[in-house]
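J.: Just dropping this structure here.
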Amino acid sequence: MARQAARRSRARSDRSMTRRQFLSTASAGVAGAALLPLTAPWTAGAAPAQIRGSSLRILTWSHFVPAYDTAFDKYANDWGVANDVTVRVDHINIDDLPARVAAELSAGAGHDIIQQNGVIQTTLYYQHWVDVSDVTQKLGQDAGGWLPMAENVAAVKGQWYAVPEFYIPQPIMWRAGDLWKQYNLPEPTTWDNLRTAARVGKSKGHPAGFAISHCNDANHNWRAVFYAFGVQEADPTGREVRWDSKALRDAMKFSRALWSEGMTSEVFSWDNVSDNRYLDSGVAIYIHDALSSLRSIQDSNPTLYANCNVGVPGAEPIGSVRRAAVVDPTILAIWKFSKNIPAAKAFLEHYGADVNFSLTASKGYNMPYLKSWYKKPMPSLGSDPKVTILQDWDKVALVFGYPGPATAPAAEVLSTFVLPDMLARYCHSNDLEGSIKWGVGQIKGIYAKYKS
Amino acid sequence: MNTVHTLGPGLPVAQHATRQAHARAARRRLLVYLGLTPFVIIAVFPVFWMAITSFKTDADLVNPAVFPFWFHQPPTLEHFTYLFQHTYYGDWIFNTLTIAVLVSIITLLTAVPAGYALARVALPAAEKLGIGIFCAYLIPPILLFIPLSRIVALTHLIDTKWALVVIYPTFTIPFCTWLLSGFFKTIPAEIEEAAQVDGCGRLAAFVRTVVPVSWAGMLTAVIFAFTLSMQDFLYSLAFVSVSDQKPIPLGVATDLMRGDVYFWGSLMAGALLVGVPVAILYSFFLDQFITGITSAAIK
């Protein structure tokens, strides 16, 4: 009876619709249908019809926090299940990504989404990558905009060809709990104080350790020092070389003194893992490295872990000019040869917005490029007193190529280790001008190659 | 009546001479072993290091306060457990063996007739062709992987182990052809001619007379092809990124080296598990291997 009454009532209601109501309802329906393809339905959890039943392949690094790989694979798979997309994630070593990316470009086949990590080659590959400005614009709008360096690594001529994924901070890990107190050292808020600490530490059998060799750590550690002393790699457009300067000479002199007074010659043979081992061995008074070095002692050496502080007040030590933290950026790009660009874009939009997952699953390792995520307390970082300082990293974070973007020549200067080689020459020869002449010559040669 | 000459009370000359000969032989042996010792240490040390690292705890491994070449904490199997429970190590072993066996077969099937043709058939410019083939082997993979990736894409084998079965012969065949060509030149042509006089064609003469005396050369070619296939990294990196399709060198480098975090124990365990059995297997064929490589080298 009640059901019949309801049906009668609905029939009356239909009959009583006015012409105006009919027209406005119909107009809204037509407008909605027209706008439907322009919206991103996957953000509401529903995949666009064209990606259903498709497949998506993602190439990314073997994360320094192994648990993140497991979490990310599941995350991608769950998104795939929810959107009826078969997702597969492949992981390779960070140092091997450039070779694999080059092979995929040559083959015109491989993954749909690829990651670049550390060595960013956006300006080299952007013509082969899909313009994702629509995705980055939406992500930026929803999260208070991007940190300035995000555009430096992901955009070319105002168009975004990659989604900035996260960056890896490299703070000072210093023995605040034991050695600093024992030797009554000044707080390491400046590079001069760190030089003092290294000198005292070395005399007591606890030298500091920064690689001066062909490894990623050497690149970002010494760039942090150099930028703090005012070194600029290029002009803001990234076209003109600006290495040769008084600031470079000051930075080189300071760096050589830091090495000779406070480190040993073994740093010339170090790889990326050496400083982790050095911290783990209990010898180092401080290192300058990613959180992985701290995480690797958290369970194996809890006493050492307890004695280590991460970062310094003000985030990074100040040099003669500024504070500067040089980070390893990561970006995600879509190949133009991808057979499933809509699904790739859909995934990037979904994953790019989920900073909470990235920060939490990586235990604070993956630092966001999106501004609103720096509201304290940040996920994971805010609840761990050991790493709360990283919540201020957005204020000091820079990437290679500074103050210009991470251009192809800047990436080549990075990947050919010109800076550590130039410093090593100076350390060995004590010939400042000769070392700078060699290094700047190499850099100018690289930039000239890209201009021609 | 025989006279026994003595040098001292009750010491016959013959006995003394024998002792001197033994002493000389012992001295000689001692010198030989002394000369060999540094080489043996250099060769065995990495294996020794690999073995003890495989069973050391991480804390023991990085402790700078202790003698590094022995255990200071009880040995552990945790690195082996990690290998099999948290990586695709079993798949990597299977893939590596599959690739190495198939590449060896393809190489042998191709390089034997090619090497024979270069050595025996009076091809115009055969020698220059042989040098050219060998030079092809010398082109570094870092230059070749980009153009080869296009070929792999055309075959639609990218990201499968079969891509490597197709690609590896590009460097195993040139080397083994050159090796076998040298080896075939050491075999007297008369035995084939005798077979042909008895009614064999060239193919039958080759199969019935040359092949039976060429096992050492062919075994050497197989060992080279097998070894080269097992140790490649760059091509597997460029063409295979799927975890369960990777061979061992790529798999361990991907899953056990995470930027600046190296799983040293598991890395060494992974290398030990495949390195030692293969070394033992090779030792059975050592004589044939030496015969094969030296025969090829002198021609």
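Every chain in the structure tokens takes a letter, A first, then B, and so on in the order presented; its residues are numbered from 1, and the ligands are numbered from 1 following the presented order.
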From stretch 298-394 of chain A, collect each residue whose DSSP state is helix (DSSP H, G or I) and return the set as a VMD selection string.

T.: chain A and resid 298 302 to 307 341 to 353 355 to 361 371 to 374 385 to 394

J.: Neighbours of stretch 183-189 of chain B within 12 Å (only C-alpha atoms; same-chain residues fewer than 4 positions away dropped), as an NGL selection string?

T.: :B and (111-121 or 127 or 176-179 or 193-196 or 202 or 205-206 or 209-221 or 289-299)

J.: Which one is closest to B:Asp260: A:Leu291, A:Ala344, A:Leu147, A:Ala353? Count only C-alpha atoms.

T.: A:Leu291

J.: For A:Val130, list every protein, DNA or RNA residue within 12 Å, evaluated using only C-alpha atoms, and leave out those in the same chain fewer than 4 positions away; present the list as a PDB file with C-alpha atoms, in the first residue's frame.

T.:
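Result saved to selection_17.pdb:
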```pdb
ATOM      1  CA  ASP A 112      54.379   4.062 -18.789  1.00  0.00           C
ATOM      2  CA  ILE A 113      55.651   6.013 -15.797  1.00  0.00           C
ATOM      3  CA  ILE A 114      59.338   6.385 -15.037  1.00  0.00           C
ATOM      4  CA  THR A 122      63.830  16.867 -17.534  1.00  0.00           C
ATOM      5  CA  TYR A 125      63.888  14.272 -22.161  1.00  0.00           C
ATOM      6  CA  TYR A 126      60.932  16.629 -21.939  1.00  0.00           C
ATOM      7  CA  ASP A 134      47.026  19.867 -15.793  1.00  0.00           C
ATOM      8  CA  VAL A 135      47.917  17.347 -13.106  1.00  0.00           C
ATOM      9  CA  ALA A 154      59.819  19.327 -13.429  1.00  0.00           C
ATOM     10  CA  ALA A 155      59.059  22.184 -15.801  1.00  0.00           C
ATOM     11  CA  GLN A 159      55.114  23.594 -19.003  1.00  0.00           C
ATOM     12  CA  TRP A 160      55.348  20.746 -16.507  1.00  0.00           C
ATOM     13  CA  TYR A 161      56.583  17.471 -17.953  1.00  0.00           C
ATOM     14  CA  ALA A 162      56.859  15.572 -14.701  1.00  0.00           C
ATOM     15  CA  VAL A 163      55.127  15.395 -11.371  1.00  0.00           C
ATOM     16  CA  LEU A 332      57.691  10.939 -12.110  1.00  0.00           C
ATOM     17  CA  ALA A 333      57.168  11.339 -15.859  1.00  0.00           C
ATOM     18  CA  ILE A 334      55.025   9.647 -18.487  1.00  0.00           C
ATOM     19  CA  TRP A 335      56.546   8.539 -21.791  1.00  0.00           C
ATOM     20  CA  LYS A 336      54.801   9.782 -24.887  1.00  0.00           C
ATOM     21  CA  PHE A 337      55.016   6.237 -26.241  1.00  0.00           C
ATOM     22  CA  SER A 338      52.970   5.009 -23.297  1.00  0.00           C
ATOM     23  CA  LYS A 339      49.886   3.138 -24.453  1.00  0.00           C
ATOM     24  CA  ASN A 340      47.975   4.187 -21.393  1.00  0.00           C
ATOM     25  CA  ILE A 341      48.526   7.880 -20.791  1.00  0.00           C
ATOM     26  CA  PRO A 342      45.092   8.468 -19.176  1.00  0.00           C
ATOM     27  CA  ALA A 344      49.225   7.099 -15.954  1.00  0.00           C
ATOM     28  CA  LYS A 345      47.904  10.608 -15.407  1.00  0.00           C
TER      29      LYS A 345
END
```

J.: Go through stretch 45-160 of chain A residue by residue and, counting only C-alpha atoms, keep those with an atom at most 9 Å from stretch 410-434 of chain A; for each kept residue give the shortest atom pair and its distance in Å to one decimal, ordered by chain and increasing number, as a tab-separated table.

T.:
```
residue	atom	partner	partner_atom	distance
A:Val119	CA	A:Ala411	CA	5.9
A:Ile120	CA	A:Ala411	CA	6.3
A:Gln121	CA	A:Ala411	CA	6.5
```
